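Structure file work24.txt; described as compact mmCIF, C-alpha atoms.
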```txt
# COMPACT_ATOMS: atom_id res chain seq x y z
CA MET A 1 92.63 226.22 104.24
CA ALA A 2 95.01 227.98 106.60
CA VAL A 3 95.27 231.76 106.18
CA PHE A 4 98.82 232.82 105.22
CA LEU A 5 100.57 229.81 106.77
CA ASN A 6 100.29 226.13 105.84
CA ARG A 7 102.49 223.06 105.72
CA GLU A 8 103.91 224.12 102.34
CA THR A 9 105.16 227.46 103.69
CA ARG A 10 108.96 227.66 103.48
CA VAL A 11 110.38 230.38 105.69
CA LEU A 12 113.51 232.52 105.56
CA CYS A 13 114.61 234.56 108.56
CA GLN A 14 116.20 237.96 107.88
CA GLY A 15 118.47 238.61 110.85
CA MET A 16 118.57 234.96 111.95
CA THR A 17 122.07 235.15 113.46
CA GLY A 18 121.11 237.82 116.02
CA TRP A 19 119.87 236.81 119.47
CA ALA A 20 116.18 237.42 118.71
CA GLY A 21 116.33 235.58 115.40
CA THR A 22 118.26 232.70 116.94
CA TYR A 23 115.85 232.26 119.85
CA HIS A 24 112.58 232.63 117.99
CA VAL A 25 113.56 230.66 114.89
CA ALA A 26 114.46 227.75 117.17
CA ARG A 27 111.00 228.01 118.83
CA MET A 28 109.31 228.20 115.41
CA MET A 29 111.12 225.08 114.24
CA GLU A 30 110.17 223.24 117.45
CA TYR A 31 106.53 224.12 116.70
CA GLY A 32 106.80 222.58 113.25
CA THR A 33 107.34 225.62 111.03
CA GLN A 34 109.43 224.76 107.97
CA VAL A 35 112.36 227.20 108.21
CA VAL A 36 114.74 226.74 105.28
CA GLY A 37 117.46 229.33 105.84
CA GLY A 38 118.50 232.79 106.96
CA VAL A 39 119.84 236.03 105.55
CA THR A 40 122.51 238.10 107.27
CA PRO A 41 124.73 240.40 105.16
CA GLY A 42 128.40 239.64 105.82
CA LYS A 43 127.69 236.12 107.08
CA GLY A 44 126.67 234.40 103.85
CA GLY A 45 128.04 230.91 103.39
CA ARG A 46 127.89 230.05 107.06
CA SER A 47 125.52 227.68 108.85
CA HIS A 48 123.34 228.68 111.80
CA LEU A 49 120.85 226.44 113.62
CA ASN A 50 121.91 223.83 111.06
CA LEU A 51 120.47 226.04 108.32
CA PRO A 52 122.29 227.85 105.48
CA VAL A 53 122.88 231.61 105.78
CA TYR A 54 122.84 233.81 102.67
CA GLU A 55 123.98 237.33 101.84
CA ARG A 56 120.84 238.43 100.02
CA VAL A 57 117.13 237.52 100.03
CA ALA A 58 116.97 236.95 96.25
CA GLU A 59 119.82 234.43 96.46
CA ALA A 60 118.26 232.70 99.46
CA ARG A 61 114.88 232.51 97.79
CA ARG A 62 116.38 231.06 94.63
CA GLU A 63 118.37 228.42 96.51
CA THR A 64 115.73 227.36 99.07
CA GLY A 65 112.38 227.95 97.37
CA ALA A 66 111.29 230.12 100.31
CA ASN A 67 107.84 231.72 100.00
CA ALA A 68 107.78 233.63 103.29
CA SER A 69 110.19 235.71 105.34
CA ILE A 70 110.25 236.85 108.94
CA VAL A 71 112.26 239.98 109.81
CA PHE A 72 114.22 240.31 113.07
CA VAL A 73 116.44 243.14 111.82
CA PRO A 74 117.09 246.12 114.21
CA PRO A 75 114.88 249.21 113.64
CA ALA A 76 117.43 251.32 111.76
CA ASN A 77 117.85 248.66 109.05
CA ALA A 78 114.43 246.99 109.16
CA ALA A 79 112.96 249.02 106.28
CA ALA A 80 115.87 248.08 104.03
CA ALA A 81 115.32 244.42 104.91
CA MET A 82 111.59 244.64 104.11
CA ILE A 83 112.22 246.44 100.82
CA GLU A 84 114.83 243.83 99.85
CA ALA A 85 112.27 241.06 100.43
CA ILE A 86 109.61 242.99 98.48
CA GLU A 87 112.02 243.47 95.55
CA ALA A 88 112.75 239.72 95.66
CA GLU A 89 108.96 239.20 95.25
CA MET A 90 108.65 237.27 98.49
CA PRO A 91 104.91 236.48 98.74
CA LEU A 92 104.67 236.98 102.52
CA VAL A 93 106.83 239.08 104.87
CA VAL A 94 106.20 239.22 108.62
CA THR A 95 108.10 241.92 110.51
CA VAL A 96 108.42 241.60 114.26
CA THR A 97 110.80 244.54 114.75
CA GLU A 98 109.42 247.35 116.93
CA ARG A 99 110.11 251.08 116.65
CA VAL A 100 110.76 251.17 112.91
CA PRO A 101 110.90 254.92 112.08
CA THR A 102 107.62 256.19 110.65
CA LEU A 103 109.18 257.75 107.56
CA ASP A 104 110.94 254.42 106.87
CA MET A 105 107.54 252.69 106.92
CA VAL A 106 106.28 255.26 104.40
CA ARG A 107 109.04 254.07 102.07
CA VAL A 108 108.09 250.44 102.71
CA ARG A 109 104.43 251.15 101.93
CA ALA A 110 105.47 252.80 98.68
CA ALA A 111 107.57 249.74 97.76
CA LEU A 112 104.56 247.47 98.34
CA LYS A 113 102.39 249.24 95.76
CA GLY A 114 101.87 247.13 92.67
CA GLY A 115 104.03 244.33 94.03
CA ARG A 116 103.42 240.70 94.91
CA THR A 117 104.20 240.90 98.61
CA THR A 118 101.82 240.89 101.57
CA LEU A 119 103.44 242.56 104.59
CA VAL A 120 102.30 241.78 108.12
CA GLY A 121 103.71 244.32 110.60
CA ALA A 122 106.01 245.91 111.52
CA ASN A 123 105.68 245.58 115.30
CA SER A 124 103.69 242.37 114.78
CA GLN A 125 103.66 239.31 116.99
CA GLY A 126 103.18 237.32 113.80
CA ILE A 127 100.87 234.59 112.55
CA LEU A 128 99.89 231.40 114.35
CA VAL A 129 97.96 228.51 112.84
CA PRO A 130 97.53 226.01 115.69
CA GLY A 131 98.80 222.55 114.87
CA VAL A 132 100.39 223.77 111.64
CA GLY A 133 103.02 226.37 112.44
CA LYS A 134 103.88 229.79 113.78
CA LEU A 135 105.61 232.68 112.10
CA GLY A 136 106.29 235.01 115.00
CA VAL A 137 107.11 235.42 118.66
CA MET A 138 103.88 234.40 120.38
CA ALA A 139 103.89 232.01 123.33
CA THR A 140 102.23 228.68 122.67
CA GLY A 141 100.54 226.13 124.89
CA SER A 142 97.01 227.55 125.19
CA GLU A 143 96.13 227.40 121.50
CA ARG A 144 94.08 224.61 119.92
CA PRO A 145 93.03 223.99 116.31
CA GLY A 146 89.51 225.28 115.80
CA GLY A 147 87.23 227.72 114.04
CA VAL A 148 87.86 231.16 115.57
CA GLY A 149 90.05 233.57 113.65
CA ILE A 150 91.69 236.36 115.68
CA ILE A 151 92.91 239.69 114.28
CA SER A 152 94.76 241.90 116.73
CA ARG A 153 96.69 245.11 117.28
CA SER A 154 97.88 243.86 120.69
CA ALA A 155 100.26 240.94 121.28
CA SER A 156 99.57 240.44 124.99
CA LEU A 157 95.79 240.59 124.57
CA THR A 158 96.01 238.06 121.76
CA SER A 159 97.55 235.53 124.13
CA GLU A 160 94.80 236.24 126.68
CA VAL A 161 92.03 235.83 124.10
CA VAL A 162 93.56 232.63 122.69
CA ALA A 163 93.46 231.15 126.20
CA GLN A 164 89.84 232.29 126.67
CA VAL A 165 88.71 230.85 123.34
CA THR A 166 90.30 227.51 124.19
CA ALA A 167 88.77 227.55 127.68
CA ALA A 168 85.36 228.16 126.08
CA GLY A 169 85.72 224.83 124.28
CA LEU A 170 86.60 226.37 120.93
CA GLY A 171 89.88 226.70 119.07
CA GLN A 172 91.62 229.00 116.64
CA SER A 173 91.86 228.79 112.84
CA ALA A 174 94.55 231.50 112.78
CA THR A 175 95.76 234.50 114.77
CA ILE A 176 97.13 237.50 112.89
CA GLY A 177 98.93 240.38 114.59
CA VAL A 178 98.63 243.35 112.26
CA GLY A 179 100.99 245.45 114.39
CA GLY A 180 100.58 248.30 116.81
CA ASP A 181 102.28 251.05 114.81
CA PRO A 182 100.32 253.75 112.94
CA ILE A 183 101.79 252.73 109.56
CA HIS A 184 102.04 249.03 108.81
CA GLY A 185 101.31 246.47 106.13
CA ILE A 186 98.04 244.55 105.82
CA GLY A 187 95.20 245.97 107.92
CA MET A 188 92.31 244.59 109.93
CA ARG A 189 89.82 244.99 107.09
CA GLU A 190 91.87 242.91 104.64
CA CYS A 191 92.50 240.24 107.27
CA LEU A 192 88.79 240.08 108.10
CA ALA A 193 87.92 239.52 104.44
CA LEU A 194 90.41 236.64 104.28
CA LEU A 195 89.04 234.99 107.41
CA LEU A 196 85.41 235.39 106.31
CA ASP A 197 86.36 233.57 103.10
CA ASP A 198 88.29 230.87 104.95
CA ALA A 199 86.44 227.54 105.07
CA ASP A 200 88.05 226.63 108.42
CA THR A 201 86.94 229.84 110.14
CA GLU A 202 83.49 229.88 111.78
CA GLY A 203 83.73 233.23 113.57
CA VAL A 204 86.14 236.13 114.00
CA VAL A 205 87.42 238.12 116.98
CA LEU A 206 88.85 241.61 116.45
CA ILE A 207 91.10 243.05 119.16
CA GLY A 208 91.20 246.78 118.57
CA GLU A 209 92.28 249.81 120.52
CA ILE A 210 92.18 253.60 120.44
CA GLY A 211 93.92 255.52 117.67
CA GLY A 212 93.97 255.16 113.90
CA THR A 213 91.04 254.16 111.70
CA GLU A 214 91.41 250.36 111.39
CA GLU A 215 88.22 249.56 113.30
CA GLU A 216 86.19 252.20 111.47
CA GLU A 217 87.39 250.73 108.15
CA VAL A 218 86.18 247.30 109.30
CA ALA A 219 82.79 248.81 110.15
CA GLU A 220 82.56 250.49 106.75
CA TYR A 221 83.46 247.22 105.00
CA LEU A 222 80.83 245.24 106.95
CA ALA A 223 78.20 247.89 106.29
CA GLY A 224 78.66 247.25 102.59
CA THR A 225 79.32 243.50 102.83
CA PRO A 226 77.51 242.03 105.84
CA ALA A 227 79.49 239.25 107.51
CA SER A 228 78.44 235.68 106.82
CA LYS A 229 79.93 234.62 110.17
CA PRO A 230 79.73 236.06 113.71
CA VAL A 231 82.20 238.88 114.37
CA VAL A 232 83.06 239.91 117.94
CA ALA A 233 85.22 242.90 118.85
CA LEU A 234 87.09 244.03 121.92
CA ILE A 235 88.07 247.71 121.91
CA VAL A 236 90.48 248.67 124.66
CA GLY A 237 91.38 252.13 125.90
CA ARG A 238 87.85 253.20 126.87
CA GLU A 239 89.16 255.13 129.87
CA ALA A 240 92.33 256.44 128.22
CA PRO A 241 92.96 260.19 128.58
CA LEU A 242 92.72 262.22 125.38
CA GLU A 243 95.82 263.04 123.34
CA ARG A 244 98.17 260.93 125.45
CA ARG A 245 99.92 258.03 123.75
CA MET A 246 99.08 254.75 125.47
CA GLY A 247 101.48 251.86 124.98
CA HIS A 248 101.54 251.26 121.24
CA ALA A 249 102.72 254.08 119.03
CA GLY A 250 99.35 254.01 117.26
CA ALA A 251 97.26 254.07 120.47
CA LEU A 252 96.50 257.77 120.56
CA THR A 253 93.33 259.83 120.19
CA LEU A 254 93.69 263.22 118.53
CA ARG A 255 91.15 266.02 118.19
CA GLY A 256 88.32 263.73 119.24
CA LYS A 257 89.08 261.09 116.58
CA GLY A 258 90.01 257.46 117.12
CA ASP A 259 88.49 257.12 120.57
CA ALA A 260 87.01 253.85 121.84
CA ALA A 261 83.40 255.09 121.97
CA GLY A 262 83.37 256.07 118.30
CA LYS A 263 84.90 252.77 117.23
CA ILE A 264 82.36 250.80 119.27
CA ARG A 265 79.45 252.77 117.82
CA ALA A 266 80.66 252.18 114.28
CA LEU A 267 81.20 248.45 114.78
CA GLU A 268 77.87 247.92 116.53
CA ALA A 269 76.07 249.71 113.71
CA ALA A 270 77.74 247.29 111.27
CA GLY A 271 76.47 244.24 113.18
CA VAL A 272 79.57 243.44 115.23
CA ARG A 273 78.99 242.19 118.78
CA ILE A 274 81.13 244.07 121.32
CA ALA A 275 82.72 242.10 124.17
CA PRO A 276 81.83 243.98 127.39
CA SER A 277 85.30 243.52 128.88
CA ALA A 278 88.65 241.94 128.14
CA HIS A 279 87.95 238.84 130.22
CA LEU A 280 84.65 238.06 128.42
CA VAL A 281 85.84 237.79 124.82
CA GLY A 282 85.92 233.98 124.80
CA GLU A 283 82.42 233.72 126.25
CA THR A 284 81.08 236.36 123.85
CA ILE A 285 82.29 234.54 120.72
CA ARG A 286 81.05 231.23 122.17
CA GLN A 287 77.57 232.71 122.61
CA ALA A 288 77.62 234.28 119.16
CA LEU A 289 78.52 230.96 117.52
CA ALA A 290 75.94 229.04 119.58
CA GLU A 291 73.15 231.47 118.59
CA ARG A 292 74.10 231.12 114.95
CA GLY A 293 73.70 227.34 115.29
```

File written out as structure tokens:
Amino acid sequence: MAVFLNRETRVLCQGMTGWAGTYHVARMMEYGTQVVGGVTPGKGGRSHLNLPVYERVAEARRETGANASIVFVPPANAAAAMIEAIEAEMPLVVTVTERVPTLDMVRVRAALKGGRTTLVGANSQGILVPGVGKLGVMATGSERPGGVGIISRSASLTSEVVAQVTAAGLGQSATIGVGGDPIHGIGMRECLALLLDDADTEGVVLIGEIGGTEEEEVAEYLAGTPASKPVVALIVGREAPLERRMGHAGALTLRGKGDAAGKIRALEAAGVRIAPSAHLVGETIRQALAERG
């Protein structure tokens, strides 16, 4: 079972006719992802990348049978695009767009309540299931099908960890970029629960960072529901100065909360093994899986 993405996933791209949508949809199709059309208001009825373009998501979903959408819409209009997909009851929406205004994401979160849509992002690199497909902007070449699930707030570190896991003789069941912004869709805790239930996943790597409460929520979840599989975490930002935003909009410690030391303490207490440095994540999960037998 592939988490979120399998060979039956039929993908729409919102914003496909822009440069980012054009480039990345072409790469996704080359990788084997089944893209069935695009949505760009004002360009409905045209063809792009040999795929039909529609005015609205509901129309596109009805005509193509799409069950997933990826959003490459500029920040000012990205929330409207996400809400349109949610109102069309699209089961899965992945939003790559960065710098979506925070108050816009509050509106998106409100639209998600009680609905049928799972949102990944915004500011997500997407989802990759090696050998099956990709729904995002990640580079490929180092990934291999295997049993390690990766959940990450950092796109660049995900690529590094994928390469390490492959070099350690393992592979990946799925990588999920939850997004680096303080307000986004599905979180680390929900993704961890999915991967722990996934028959193809033997162990999980979490790539966390300073700021927010995602890692603490994972620790609280594992304290109540101990993991049936090894879980390894890398927390970056250990030397970051207090109350200075570092890279991602969500990478910020405030009033002593959200720092790396507190996240590491919480995860260790919940039974998570902490990778000692960024270049030892692959070896750490290899050891954890070997000890489990």

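Closest to Ile151 (chain A) among A:Ile210, A:Ala168, A:Val3, A:Ala199 is A:Val3, based on all atoms listed in the file.
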
8 Å contact set for region 61-71 of chain A, all atoms listed in the file, chain neighbours under 4 positions out, as a ChimeraX atom specification: /A:9-15,36-37,57,78,81-82,85,88,90-97,135-136

Please dump the current selection as a compact mmCIF listing (two decimals), keeping the file's coordinate frame; keep C-alpha atoms.
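Listing of out_0.txt after writing:
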```txt
# COMPACT_ATOMS: atom_id res chain seq x y z
CA THR A 9 105.16 227.46 103.69
CA ARG A 10 108.96 227.66 103.48
CA VAL A 11 110.38 230.38 105.69
CA LEU A 12 113.51 232.52 105.56
CA CYS A 13 114.61 234.56 108.56
CA GLN A 14 116.20 237.96 107.88
CA GLY A 15 118.47 238.61 110.85
CA VAL A 36 114.74 226.74 105.28
CA GLY A 37 117.46 229.33 105.84
CA VAL A 57 117.13 237.52 100.03
CA ALA A 78 114.43 246.99 109.16
CA ALA A 81 115.32 244.42 104.91
CA MET A 82 111.59 244.64 104.11
CA ALA A 85 112.27 241.06 100.43
CA ALA A 88 112.75 239.72 95.66
CA MET A 90 108.65 237.27 98.49
CA PRO A 91 104.91 236.48 98.74
CA LEU A 92 104.67 236.98 102.52
CA VAL A 93 106.83 239.08 104.87
CA VAL A 94 106.20 239.22 108.62
CA THR A 95 108.10 241.92 110.51
CA VAL A 96 108.42 241.60 114.26
CA THR A 97 110.80 244.54 114.75
CA LEU A 135 105.61 232.68 112.10
CA GLY A 136 106.29 235.01 115.00
```

Straight-line distance linking CA of Gly32 (chain A) with CA of Val132 (chain A), stated in Å to one decimal: 6.7 Å

Compile the contact shell of Ser159 (chain A) as a PyMOL selection string: residues with an atom at most 10 Å away, counting only C-alpha atoms, same-chain residues fewer than 5 positions apart removed. chain A and resi 138-143+154+164+175

Å distance separating CA of Ala193 (chain A) from CA of Gly224 (chain A), one decimal place: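 Spanning CA of Ala193 (chain A) to CA of Gly224 (chain A) is a straight-line distance of 12.2 Å.
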
Which polymer residues have any atom within 9 Å of an atom of region 178-181 of chain A, counting only C-alpha atoms, with same-chain residues fewer than 3 positions away left out, as a list in words?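 The filter keeps Thr95, Val96, Glu98, Arg99, Val100, Thr102, Val120, Gly121, Ala122, Asn123, Ser124, Gln125, Gly126, Ile151, Ser152, Arg153, Ser154, Ala155, His184, Gly185, Ile186, Gly187, Met188, Cys191, Gly247, His248, Ala249, Gly250 and Ala251 of chain A.
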
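Of the listed residues A:Gly42, A:Ile285, A:Ala80, A:Leu222, the one whose atoms come nearest to Ile150 (chain A) is A:Ile285, with distances taken using all atoms listed in the file.
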
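Taking CA of Val232 (chain A) as the reference point, CA of Val205 (chain A) is found at 4.8 Å.
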
Between A:Gly171, A:Pro75, A:Gly131, A:Pro52, which one has atoms that come closest to Tyr31 (chain A), using only C-alpha atoms? A:Gly131

Can you pull out the residues contacting Pro101 (chain A)? Cut-off 9 Å, using only C-alpha atoms, and skip same-chain residues under 2 positions away; I want them as a compact mmCIF listing (two decimals) with C-alpha atoms, in the coordinates of the input.
```
# COMPACT_ATOMS: atom_id res chain seq x y z
CA PRO A 75 114.88 249.21 113.64
CA ALA A 76 117.43 251.32 111.76
CA ALA A 79 112.96 249.02 106.28
CA ARG A 99 110.11 251.08 116.65
CA LEU A 103 109.18 257.75 107.56
CA ASP A 104 110.94 254.42 106.87
CA MET A 105 107.54 252.69 106.92
CA VAL A 106 106.28 255.26 104.40
```

Could you give me, as an mmCIF file with C-alpha atoms, in the coordinates of the input, the residues within 9 Å of Ala233 (chain A), counting all atoms listed in the file and dropping anything in the same chain fewer than 2 positions from it?
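So the final result, stored in around-v8.cif, reads:
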```cif
data_model
loop_
_atom_site.group_PDB
_atom_site.id
_atom_site.type_symbol
_atom_site.label_atom_id
_atom_site.label_comp_id
_atom_site.auth_asym_id
_atom_site.auth_seq_id
_atom_site.Cartn_x
_atom_site.Cartn_y
_atom_site.Cartn_z
ATOM 1 C CA VAL A 204 86.140 236.130 114.000
ATOM 2 C CA VAL A 205 87.420 238.120 116.980
ATOM 3 C CA LEU A 206 88.850 241.610 116.450
ATOM 4 C CA ILE A 207 91.100 243.050 119.160
ATOM 5 C CA GLY A 208 91.200 246.780 118.570
ATOM 6 C CA VAL A 231 82.200 238.880 114.370
ATOM 7 C CA ILE A 235 88.070 247.710 121.910
ATOM 8 C CA ILE A 264 82.360 250.800 119.270
ATOM 9 C CA LEU A 267 81.200 248.450 114.780
ATOM 10 C CA VAL A 272 79.570 243.440 115.230
ATOM 11 C CA ARG A 273 78.990 242.190 118.780
ATOM 12 C CA ILE A 274 81.130 244.070 121.320
ATOM 13 C CA ALA A 275 82.720 242.100 124.170
ATOM 14 C CA VAL A 281 85.840 237.790 124.820
#
```

Give the answer as one residue: which of A:Thr158, A:Thr166, A:Asn77, A:Asn50 has the shortest atom-to-atom distance to Val25 (chain A), using all atoms listed in the file?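 Of the candidates, the smallest distance to Val25 (chain A) is held by A:Asn50.
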